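Student: So here's final22.pdb (PDB, C-alpha atoms).
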```pdb
ATOM      1  CA  MET A   1       0.088   2.441  25.712
ATOM      2  CA  GLY A   2      -1.982  -0.700  26.005
ATOM      3  CA  ASP A   3      -1.479  -3.829  23.955
ATOM      4  CA  SER A   4      -4.785  -3.291  22.147
ATOM      5  CA  MET A   5      -3.587  -0.023  20.585
ATOM      6  CA  TRP A   6      -2.260  -1.966  17.585
ATOM      7  CA  LEU A   7      -5.905  -2.323  16.460
ATOM      8  CA  LEU A   8      -6.413   1.452  16.394
ATOM      9  CA  PHE A   9      -3.190   1.932  14.419
ATOM     10  CA  ALA A  10      -4.294  -0.733  11.919
ATOM     11  CA  ILE A  11      -7.644   1.012  11.360
ATOM     12  CA  LEU A  12      -5.969   4.410  10.921
ATOM     13  CA  SER A  13      -3.570   2.839   8.435
ATOM     14  CA  SER A  14      -6.568   1.589   6.454
ATOM     15  CA  LEU A  15      -8.219   5.025   6.401
ATOM     16  CA  PHE A  16      -5.101   6.853   5.201
ATOM     17  CA  ALA A  17      -4.386   4.164   2.586
ATOM     18  CA  GLY A  18      -7.904   4.575   1.208
ATOM     19  CA  LEU A  19      -7.336   8.306   0.821
ATOM     20  CA  THR A  20      -3.983   7.721  -0.876
ATOM     21  CA  ALA A  21      -5.324   5.827  -3.895
ATOM     22  CA  VAL A  22      -7.986   8.397  -4.775
ATOM     23  CA  ILE A  23      -5.754  11.445  -4.267
ATOM     24  CA  ALA A  24      -3.004   9.789  -6.312
ATOM     25  CA  LYS A  25      -5.442   9.059  -9.142
ATOM     26  CA  VAL A  26      -6.293  12.763  -9.300
ATOM     27  CA  GLY A  27      -2.585  13.579  -9.486
ATOM     28  CA  LEU A  28      -2.025  11.018 -12.248
ATOM     29  CA  LYS A  29      -4.448  12.767 -14.592
ATOM     30  CA  LYS A  30      -1.812  15.305 -15.607
ATOM     31  CA  THR A  31       1.476  13.699 -14.562
ATOM     32  CA  ASP A  32       3.454  10.595 -15.599
ATOM     33  CA  SER A  33       3.099   7.741 -13.078
ATOM     34  CA  ASP A  34       6.855   7.312 -12.526
ATOM     35  CA  CYS A  35       7.195  11.053 -11.831
ATOM     36  CA  VAL A  36       4.263  10.935  -9.427
ATOM     37  CA  THR A  37       5.881   8.030  -7.562
ATOM     38  CA  ALA A  38       9.227   9.846  -7.309
ATOM     39  CA  LEU A  39       7.722  13.172  -6.181
ATOM     40  CA  ARG A  40       5.344  11.740  -3.594
ATOM     41  CA  THR A  41       8.099   9.504  -2.213
ATOM     42  CA  MET A  42      10.084  12.634  -1.320
ATOM     43  CA  VAL A  43       7.086  13.911   0.632
ATOM     44  CA  VAL A  44       6.761  10.588   2.434
ATOM     45  CA  LEU A  45      10.515  10.654   3.141
ATOM     46  CA  VAL A  46      10.314  14.058   4.832
ATOM     47  CA  PHE A  47       7.236  12.965   6.756
ATOM     48  CA  ALA A  48       8.890   9.724   7.903
ATOM     49  CA  TRP A  49      12.058  11.396   9.237
ATOM     50  CA  LEU A  50       9.970  14.104  10.886
ATOM     51  CA  MET A  51       8.171  11.407  12.851
ATOM     52  CA  VAL A  52      11.531   9.891  13.825
ATOM     53  CA  TRP A  53      12.501  13.268  15.271
ATOM     54  CA  ILE A  54       9.152  13.770  17.033
ATOM     55  CA  ALA A  55       9.263  10.280  18.552
ATOM     56  CA  GLY A  56      12.863  10.785  19.690
ATOM     57  CA  ALA A  57      13.962   7.491  18.157
ATOM     58  CA  ASP A  58      17.614   6.485  18.281
ATOM     59  CA  VAL A  59      18.958   7.161  14.764
ATOM     60  CA  ASN A  60      22.338   5.538  15.299
ATOM     61  CA  LEU A  61      22.038   2.865  12.640
ATOM     62  CA  LEU A  62      25.542   1.598  13.433
ATOM     63  CA  ASP A  63      24.171   0.167  16.675
ATOM     64  CA  ALA A  64      21.001  -1.189  15.091
ATOM     65  CA  ASP A  65      20.439  -4.886  14.590
ATOM     66  CA  ARG A  66      22.118  -5.824  11.288
ATOM     67  CA  ARG A  67      19.535  -8.461  10.425
ATOM     68  CA  SER A  68      16.732  -5.933  10.915
ATOM     69  CA  LEU A  69      18.446  -3.398   8.666
ATOM     70  CA  VAL A  70      18.967  -5.926   5.869
ATOM     71  CA  LEU A  71      15.341  -7.044   6.042
ATOM     72  CA  LEU A  72      14.105  -3.438   6.073
ATOM     73  CA  VAL A  73      16.219  -2.619   3.020
ATOM     74  CA  LEU A  74      14.736  -5.622   1.203
ATOM     75  CA  SER A  75      11.279  -4.532   2.357
ATOM     76  CA  GLY A  76      11.976  -1.087   0.904
ATOM     77  CA  VAL A  77      12.974  -2.606  -2.435
ATOM     78  CA  ALA A  78       9.755  -4.630  -2.492
ATOM     79  CA  THR A  79       7.744  -1.543  -1.564
ATOM     80  CA  GLY A  80       9.350   0.486  -4.331
ATOM     81  CA  ALA A  81       8.521  -2.203  -6.876
ATOM     82  CA  SER A  82       4.961  -2.376  -5.541
ATOM     83  CA  TRP A  83       4.493   1.396  -5.771
ATOM     84  CA  LEU A  84       5.834   1.651  -9.312
ATOM     85  CA  SER A  85       3.545  -1.187 -10.415
ATOM     86  CA  TYR A  86       0.542   0.209  -8.519
ATOM     87  CA  PHE A  87       0.719   3.693 -10.012
ATOM     88  CA  HIS A  88       1.226   2.306 -13.506
ATOM     89  CA  ALA A  89      -1.951   0.288 -12.944
ATOM     90  CA  LEU A  90      -3.826   3.372 -11.686
ATOM     91  CA  GLU A  91      -2.637   5.295 -14.723
ATOM     92  CA  LEU A  92      -4.129   2.673 -17.052
ATOM     93  CA  GLY A  93      -7.261   1.576 -15.191
ATOM     94  CA  ASN A  94      -9.948   2.897 -12.843
ATOM     95  CA  VAL A  95      -9.364   2.974  -9.097
ATOM     96  CA  ASN A  96     -12.218   0.520  -8.471
ATOM     97  CA  GLN A  97     -10.655  -1.921 -10.958
ATOM     98  CA  VAL A  98      -7.084  -1.756  -9.706
ATOM     99  CA  VAL A  99      -7.695  -1.791  -5.951
ATOM    100  CA  PRO A 100      -9.347  -5.271  -5.669
ATOM    101  CA  VAL A 101      -6.430  -6.901  -7.504
ATOM    102  CA  ASP A 102      -3.884  -5.030  -5.406
ATOM    103  CA  LYS A 103      -5.671  -6.035  -2.197
ATOM    104  CA  SER A 104      -5.350  -9.716  -3.121
ATOM    105  CA  SER A 105      -1.928  -9.456  -1.456
ATOM    106  CA  VAL A 106      -3.770 -10.094   1.817
ATOM    107  CA  LEU A 107      -4.257 -13.761   0.920
ATOM    108  CA  ILE A 108      -0.608 -14.239  -0.022
ATOM    109  CA  THR A 109       0.555 -12.493   3.132
ATOM    110  CA  MET A 110      -1.722 -14.471   5.436
ATOM    111  CA  VAL A 111      -0.620 -17.851   4.117
ATOM    112  CA  ALA A 112       3.050 -16.878   4.119
ATOM    113  CA  GLY A 113       2.717 -15.310   7.576
ATOM    114  CA  ALA A 114       1.359 -18.580   8.944
ATOM    115  CA  LEU A 115       4.246 -20.505   7.382
ATOM    116  CA  LEU A 116       7.044 -18.085   8.292
ATOM    117  CA  PHE A 117       5.891 -16.729  11.651
ATOM    118  CA  GLN A 118       3.817 -19.732  12.791
ATOM    119  CA  GLU A 119       0.790 -17.499  13.273
ATOM    120  CA  ASP A 120      -2.616 -19.119  13.648
ATOM    121  CA  ILE A 121      -4.946 -18.057  10.824
ATOM    122  CA  GLY A 122      -7.977 -18.999  12.877
ATOM    123  CA  GLY A 123      -8.724 -22.588  11.884
ATOM    124  CA  VAL A 124     -11.963 -23.186   9.992
ATOM    125  CA  THR A 125     -13.165 -19.628  10.637
ATOM    126  CA  GLY A 126      -9.961 -18.225   9.180
ATOM    127  CA  ILE A 127     -10.204 -20.415   6.107
ATOM    128  CA  ILE A 128     -13.832 -19.353   5.549
ATOM    129  CA  GLY A 129     -12.759 -15.735   5.893
ATOM    130  CA  MET A 130     -10.034 -16.196   3.288
ATOM    131  CA  VAL A 131     -12.473 -17.880   0.888
ATOM    132  CA  LEU A 132     -14.953 -15.019   1.293
ATOM    133  CA  ILE A 133     -12.226 -12.484   0.555
ATOM    134  CA  LEU A 134     -11.184 -14.415  -2.549
ATOM    135  CA  LEU A 135     -14.777 -14.619  -3.800
ATOM    136  CA  GLY A 136     -15.218 -10.927  -3.081
ATOM    137  CA  ILE A 137     -12.140 -10.032  -5.130
ATOM    138  CA  VAL A 138     -13.376 -12.134  -8.056
ATOM    139  CA  LEU A 139     -16.788 -10.430  -7.990
ATOM    140  CA  MET A 140     -15.182  -6.990  -7.859
ATOM    141  CA  LEU A 141     -13.152  -7.613 -11.011
ATOM    142  CA  PRO A 142     -14.541  -6.158 -14.248
ATOM    143  CA  GLY A 143     -15.050  -8.057 -17.511
ATOM    144  CA  PRO A 144     -12.286 -10.169 -19.083
ATOM    145  CA  TRP A 145      -8.990  -8.411 -18.376
ATOM    146  CA  GLY A 146     -10.672  -5.151 -17.562
ATOM    147  CA  LYS A 147     -12.957  -4.391 -20.469
ATOM    148  CA  GLY A 148     -13.440  -0.647 -20.621
ATOM    149  CA  ALA A 149     -10.263   0.185 -18.701
ATOM    150  CA  LYS A 150      -9.449   3.040 -21.067
ATOM    151  CA  ASN A 151      -8.545   0.514 -23.763
ATOM    152  CA  ALA A 152      -5.537  -0.489 -21.671
ATOM    153  CA  GLY A 153      -6.161  -4.209 -22.296
ATOM    154  CA  LYS A 154      -4.376  -6.539 -19.910
ATOM    155  CA  LYS A 155      -1.700  -4.089 -18.799
ATOM    156  CA  TRP A 156      -3.528  -2.570 -15.842
ATOM    157  CA  PHE A 157      -4.299  -6.057 -14.482
ATOM    158  CA  ILE A 158      -0.695  -7.244 -14.829
ATOM    159  CA  TYR A 159       0.664  -4.164 -13.067
ATOM    160  CA  ALA A 160      -1.954  -4.475 -10.301
ATOM    161  CA  LEU A 161      -1.087  -8.148  -9.777
ATOM    162  CA  LEU A 162       2.635  -7.341  -9.587
ATOM    163  CA  SER A 163       1.799  -4.652  -7.048
ATOM    164  CA  ALA A 164       0.010  -7.246  -4.893
ATOM    165  CA  VAL A 165       2.922  -9.710  -5.007
ATOM    166  CA  PHE A 166       5.507  -7.068  -4.109
ATOM    167  CA  ALA A 167       3.250  -5.615  -1.392
ATOM    168  CA  SER A 168       2.975  -9.027   0.240
ATOM    169  CA  ALA A 169       6.754  -9.449   0.176
ATOM    170  CA  SER A 170       7.135  -5.981   1.691
ATOM    171  CA  SER A 171       4.767  -6.790   4.567
ATOM    172  CA  LEU A 172       6.500 -10.051   5.404
ATOM    173  CA  LEU A 173       9.994  -8.558   5.263
ATOM    174  CA  GLY A 174       8.830  -5.530   7.232
ATOM    175  CA  LYS A 175       7.306  -7.733   9.933
ATOM    176  CA  ALA A 176      10.588  -9.587  10.363
ATOM    177  CA  GLY A 177      12.752  -6.472  10.191
ATOM    178  CA  ILE A 178      10.710  -4.234  12.480
ATOM    179  CA  GLU A 179      11.224  -6.568  15.459
ATOM    180  CA  GLY A 180      14.754  -5.307  16.113
ATOM    181  CA  ILE A 181      14.363  -1.589  15.420
ATOM    182  CA  ASP A 182      12.103   1.354  16.302
ATOM    183  CA  SER A 183       9.037   1.389  14.022
ATOM    184  CA  ASN A 184       9.424   5.057  13.060
ATOM    185  CA  LEU A 185      13.108   4.615  12.210
ATOM    186  CA  GLY A 186      12.302   1.449  10.296
ATOM    187  CA  THR A 187       9.719   3.299   8.212
ATOM    188  CA  ALA A 188      12.223   6.070   7.455
ATOM    189  CA  VAL A 189      14.905   3.596   6.372
ATOM    190  CA  ARG A 190      12.477   1.801   4.057
ATOM    191  CA  THR A 191      11.363   5.119   2.572
ATOM    192  CA  CYS A 192      14.959   6.032   1.719
ATOM    193  CA  ILE A 193      15.242   2.836  -0.309
ATOM    194  CA  VAL A 194      11.953   3.511  -2.094
ATOM    195  CA  ALA A 195      13.046   7.073  -2.925
ATOM    196  CA  VAL A 196      16.329   5.876  -4.460
ATOM    197  CA  MET A 197      14.457   3.293  -6.557
ATOM    198  CA  ALA A 198      11.829   5.783  -7.738
ATOM    199  CA  TRP A 199      14.341   8.403  -8.857
ATOM    200  CA  LEU A 200      16.531   5.814 -10.558
ATOM    201  CA  VAL A 201      13.528   4.814 -12.669
ATOM    202  CA  VAL A 202      12.880   8.455 -13.608
ATOM    203  CA  LEU A 203      16.537   8.971 -14.557
ATOM    204  CA  MET A 204      16.839   5.722 -16.501
ATOM    205  CA  LYS A 205      13.667   6.481 -18.460
ATOM    206  CA  ARG A 206      14.846  10.089 -19.030
ATOM    207  CA  LYS A 207      11.667  11.715 -17.782
ATOM    208  CA  GLY A 208      13.214  15.041 -16.783
ATOM    209  CA  LYS A 209      10.920  16.988 -19.116
ATOM    210  CA  ALA A 210       7.834  15.374 -17.567
ATOM    211  CA  LEU A 211       9.069  16.503 -14.142
ATOM    212  CA  ARG A 212       9.587  20.084 -15.317
ATOM    213  CA  ASP A 213       6.065  20.161 -16.736
ATOM    214  CA  VAL A 214       4.397  19.379 -13.381
ATOM    215  CA  ARG A 215       2.248  22.345 -12.381
ATOM    216  CA  LEU A 216       2.204  23.776  -8.882
ATOM    217  CA  GLY A 217      -1.415  22.805  -8.260
ATOM    218  CA  ASN A 218      -0.860  19.227  -9.344
ATOM    219  CA  PHE A 219       2.257  19.025  -7.198
ATOM    220  CA  GLY A 220       0.068  19.993  -4.245
ATOM    221  CA  VAL A 221      -2.220  17.020  -4.950
ATOM    222  CA  ILE A 222       0.781  14.686  -5.244
ATOM    223  CA  ALA A 223       2.200  16.050  -1.971
ATOM    224  CA  LEU A 224      -1.129  15.458  -0.218
ATOM    225  CA  SER A 225      -1.092  11.867  -1.449
ATOM    226  CA  GLY A 226       2.409  11.511  -0.012
ATOM    227  CA  VAL A 227       1.295  12.796   3.380
ATOM    228  CA  ALA A 228      -1.567  10.286   3.446
ATOM    229  CA  THR A 229       0.843   7.492   2.516
ATOM    230  CA  GLY A 230       3.313   8.515   5.213
ATOM    231  CA  ALA A 231       0.600   8.492   7.849
ATOM    232  CA  SER A 232      -0.628   5.083   6.668
ATOM    233  CA  TRP A 233       2.867   3.597   6.787
ATOM    234  CA  LEU A 234       3.637   4.882  10.256
ATOM    235  CA  CYS A 235       0.376   3.525  11.647
ATOM    236  CA  TYR A 236       0.805   0.206   9.835
ATOM    237  CA  TYR A 237       4.306  -0.550  11.058
ATOM    238  CA  ARG A 238       3.503   0.653  14.558
ATOM    239  CA  ALA A 239       0.665  -1.894  14.575
ATOM    240  CA  LEU A 240       2.990  -4.643  13.307
ATOM    241  CA  GLN A 241       5.318  -4.143  16.275
ATOM    242  CA  THR A 242       2.803  -5.473  18.800
ATOM    243  CA  GLY A 243      -0.019  -7.054  16.790
ATOM    244  CA  PRO A 244      -0.461 -10.274  14.744
ATOM    245  CA  ILE A 245       0.229  -9.871  11.029
ATOM    246  CA  HIS A 246      -2.667 -12.142   9.992
ATOM    247  CA  VAL A 247      -5.104  -9.694  11.631
ATOM    248  CA  ILE A 248      -3.345  -6.397  10.860
ATOM    249  CA  VAL A 249      -2.987  -7.059   7.122
ATOM    250  CA  PRO A 250      -6.725  -7.747   6.543
ATOM    251  CA  ILE A 251      -7.692  -4.631   8.525
ATOM    252  CA  ASP A 252      -5.221  -2.543   6.567
ATOM    253  CA  ARG A 253      -6.560  -3.989   3.312
ATOM    254  CA  LEU A 254     -10.069  -2.854   4.307
ATOM    255  CA  SER A 255      -8.865   0.485   2.980
ATOM    256  CA  ILE A 256     -10.704  -0.748  -0.103
ATOM    257  CA  VAL A 257     -13.948   0.324   1.616
ATOM    258  CA  PHE A 258     -12.674   3.864   2.029
ATOM    259  CA  THR A 259     -11.229   3.814  -1.492
ATOM    260  CA  VAL A 260     -14.540   2.790  -3.063
ATOM    261  CA  LEU A 261     -16.373   5.453  -1.069
ATOM    262  CA  PHE A 262     -13.929   8.226  -1.951
ATOM    263  CA  SER A 263     -13.638   7.187  -5.620
ATOM    264  CA  SER A 264     -17.422   7.227  -5.965
ATOM    265  CA  LEU A 265     -17.697  10.678  -4.394
ATOM    266  CA  VAL A 266     -14.623  12.318  -5.900
ATOM    267  CA  LEU A 267     -13.961  10.478  -9.179
ATOM    268  CA  LYS A 268     -17.614   9.565  -9.876
ATOM    269  CA  GLU A 269     -16.710   5.927 -10.568
ATOM    270  CA  LYS A 270     -19.786   3.711 -10.663
ATOM    271  CA  VAL A 271     -20.320   0.753  -8.333
ATOM    272  CA  THR A 272     -22.381  -2.117  -9.778
ATOM    273  CA  ALA A 273     -24.500  -4.517  -7.727
ATOM    274  CA  LYS A 274     -21.997  -7.316  -8.445
ATOM    275  CA  TYR A 275     -19.157  -5.115  -7.247
ATOM    276  CA  ALA A 276     -21.081  -4.182  -4.088
ATOM    277  CA  VAL A 277     -21.658  -7.863  -3.265
ATOM    278  CA  GLY A 278     -17.934  -8.498  -3.668
ATOM    279  CA  LEU A 279     -17.145  -5.605  -1.348
ATOM    280  CA  VAL A 280     -19.527  -6.989   1.295
ATOM    281  CA  LEU A 281     -17.893 -10.429   1.048
ATOM    282  CA  ASN A 282     -14.511  -8.767   1.563
ATOM    283  CA  ILE A 283     -15.781  -7.074   4.707
ATOM    284  CA  LEU A 284     -17.370 -10.270   6.077
ATOM    285  CA  GLY A 285     -14.221 -12.257   5.365
ATOM    286  CA  THR A 286     -12.082  -9.679   7.159
ATOM    287  CA  ILE A 287     -14.407  -9.684  10.177
ATOM    288  CA  LEU A 288     -14.091 -13.463  10.428
ATOM    289  CA  LEU A 289     -10.301 -13.212  10.289
ATOM    290  CA  VAL A 290     -10.196 -10.537  12.976
ATOM    291  CA  LEU A 291     -12.520 -12.518  15.250
TER     292      LEU A 291
END
```
How does this structure look as structure tokens?

Tutor:
Amino acid sequence: MGDSMWLLFAILSSLFAGLTAVIAKVGLKKTDSDCVTALRTMVVLVFAWLMVWIAGADVNLLDADRRSLVLLVLSGVATGASWLSYFHALELGNVNQVVPVDKSSVLITMVAGALLFQEDIGGVTGIIGMVLILLGIVLMLPGPWGKGAKNAGKKWFIYALLSAVFASASSLLGKAGIEGIDSNLGTAVRTCIVAVMAWLVVLMKRKGKALRDVRLGNFGVIALSGVATGASWLCYYRALQTGPIHVIVPIDRLSIVFTVLFSSLVLKEKVTAKYAVGLVLNILGTILLVL
């Protein structure tokens, strides 16, 4: 497999991530967000270990690099926190409102990646790209604190921002941890941590009744969202093994394009001219970063 294959994996990760948000939003219409997170994590867990088996990865964790395992566990904790925050935000706000805030993690990750991994962000071109992305995110935000977000006030924005911070931490820890372990096994280990976190939240909040009330059809939607997430993860961390994080993260975050398209078609969410301009600036900024 050639060195350039990381680019294909990054694009596939973006596509599957875009599907995830819209499918999850459909599942959240009739199910508590914490329950959705816990249920779909189990689907991702099965999917992740299945890929470990298909790839024939060495599952002897006793022989794995200890530093990599610790970093992957921490990455899993950050991912779990990001997921819980993200689905709370989706529960309170529209997909097109939440996604731009969540995708702001790209800017945090790029700056931190340059500092921690000494990666070149592309000089003046890279800086221009980052500025365009930032302007695009600002334009894609709704009125003050999400006016019209189902009367949710500031809550959806706060949860979306927390999701972005934790997602950035997850990417950075995953990049460091994946260097000493097979990417498929690394994804499976991280998913185990996320699953434990998600179910602990359900148990601590005593949401057993909400779990029992999940209908079979809605569980199917949640499971489909989990499959899309599993595919996105596997592609993303496979790309990180051989590609530069400051390029992979922006490509992965272009899932916002797919999300906006799918949310408009499936959820009938409207896209304003201001929002469209912001989306274009995001795309242009990402292109500059990749180049």

Student: Name the residues that the PyMOL selection byres ((chain A and resi 68-80) around 7) pulls out of this structure, and write them as a PyMOL selection string.

Tutor: chain A and resi 65-67+81-84+166-167+169-170+173-174+176-178+180-181+186+190-191+193-194+197-198

Student: Decode the PyMOL selection byres ((chain A and resi 127) around 12) for the given file into explicit residues and return them as a list in words.

Tutor: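 Written out, the selection comes to Leu107, Met110, Val111, Asp120, Ile121, Gly122, Gly123, Val124, Thr125, Gly126, Ile128, Gly129, Met130, Val131, Leu132, Ile133, Leu134, His246, Gly285, Thr286, Leu288 and Leu289 of chain A.
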
Student: Take the residues that were just selected and, keeping C-alpha atoms, output them as a CSV table (one decimal), keeping the file's coordinate frame.

Tutor:
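The result, stored in result-v8.csv:
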```
chain,number,residue,atom,x,y,z
A,107,LEU,CA,-4.3,-13.8,0.9
A,110,MET,CA,-1.7,-14.5,5.4
A,111,VAL,CA,-0.6,-17.9,4.1
A,120,ASP,CA,-2.6,-19.1,13.6
A,121,ILE,CA,-4.9,-18.1,10.8
A,122,GLY,CA,-8.0,-19.0,12.9
A,123,GLY,CA,-8.7,-22.6,11.9
A,124,VAL,CA,-12.0,-23.2,10.0
A,125,THR,CA,-13.2,-19.6,10.6
A,126,GLY,CA,-10.0,-18.2,9.2
A,128,ILE,CA,-13.8,-19.4,5.5
A,129,GLY,CA,-12.8,-15.7,5.9
A,130,MET,CA,-10.0,-16.2,3.3
A,131,VAL,CA,-12.5,-17.9,0.9
A,132,LEU,CA,-15.0,-15.0,1.3
A,133,ILE,CA,-12.2,-12.5,0.6
A,134,LEU,CA,-11.2,-14.4,-2.5
A,246,HIS,CA,-2.7,-12.1,10.0
A,285,GLY,CA,-14.2,-12.3,5.4
A,286,THR,CA,-12.1,-9.7,7.2
A,288,LEU,CA,-14.1,-13.5,10.4
A,289,LEU,CA,-10.3,-13.2,10.3
```

Student: Can you write out as CSV which residues of stretch 265-287 of chain A fall within 12 Å of stretch 9-22 of chain A, alongside each residue's closest atom pair and its distance in Å to one decimal, counting all atoms listed in the file and ordering rows by chain and ascending residue number?

Tutor:
```
residue,atom,partner,partner_atom,distance
A:Leu265,CA,A:Val22,CA,10.0
A:Val266,CA,A:Val22,CA,7.8
A:Leu267,CA,A:Val22,CA,7.7
A:Lys268,CA,A:Val22,CA,11.0
A:Glu269,CA,A:Val22,CA,10.8
```

Student: Take the PyMOL selection byres ((chain A and resi 52-60) around 8), apply it to the structure above, and return the hits as a CSV table (one decimal) with C-alpha atoms, in the frame of the given file.

Tutor:
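Dumped to expr31.csv:
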```csv
chain,number,residue,atom,x,y,z
A,48,ALA,CA,8.9,9.7,7.9
A,49,TRP,CA,12.1,11.4,9.2
A,50,LEU,CA,10.0,14.1,10.9
A,51,MET,CA,8.2,11.4,12.9
A,61,LEU,CA,22.0,2.9,12.6
A,62,LEU,CA,25.5,1.6,13.4
A,63,ASP,CA,24.2,0.2,16.7
A,64,ALA,CA,21.0,-1.2,15.1
A,182,ASP,CA,12.1,1.4,16.3
A,184,ASN,CA,9.4,5.1,13.1
A,185,LEU,CA,13.1,4.6,12.2
A,188,ALA,CA,12.2,6.1,7.5
```

Student: Under the rule that all atoms listed in the file are counted, which of A:Ser104, A:Ser183, A:Ser264, A:Gln118 is the nearest residue to A:Leu161?

Tutor: A:Ser104

Student: I want to know what sits within 12 Å of A:Gly217, based on only C-alpha atoms, with residues of the same chain fewer than 4 positions away left out; could you give that as JSON, numbers by chain?

Tutor: {"A": [26, 27, 30, 31, 213, 221, 222, 223, 224]}

Student: Separation of atom CA of A:Asn96 and atom CA of A:Ile256, in Å?

Tutor: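 Answer for the atom CA of A:Asn96 to atom CA of A:Ile256 separation: 8.6 Å.
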
Student: As an exercise, work out the distance from atom CA of A:Ser85 to atom CA of A:Thr187 in Å and give it to one decimal place.

Tutor: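 These two atoms are separated by 20.1 Å.
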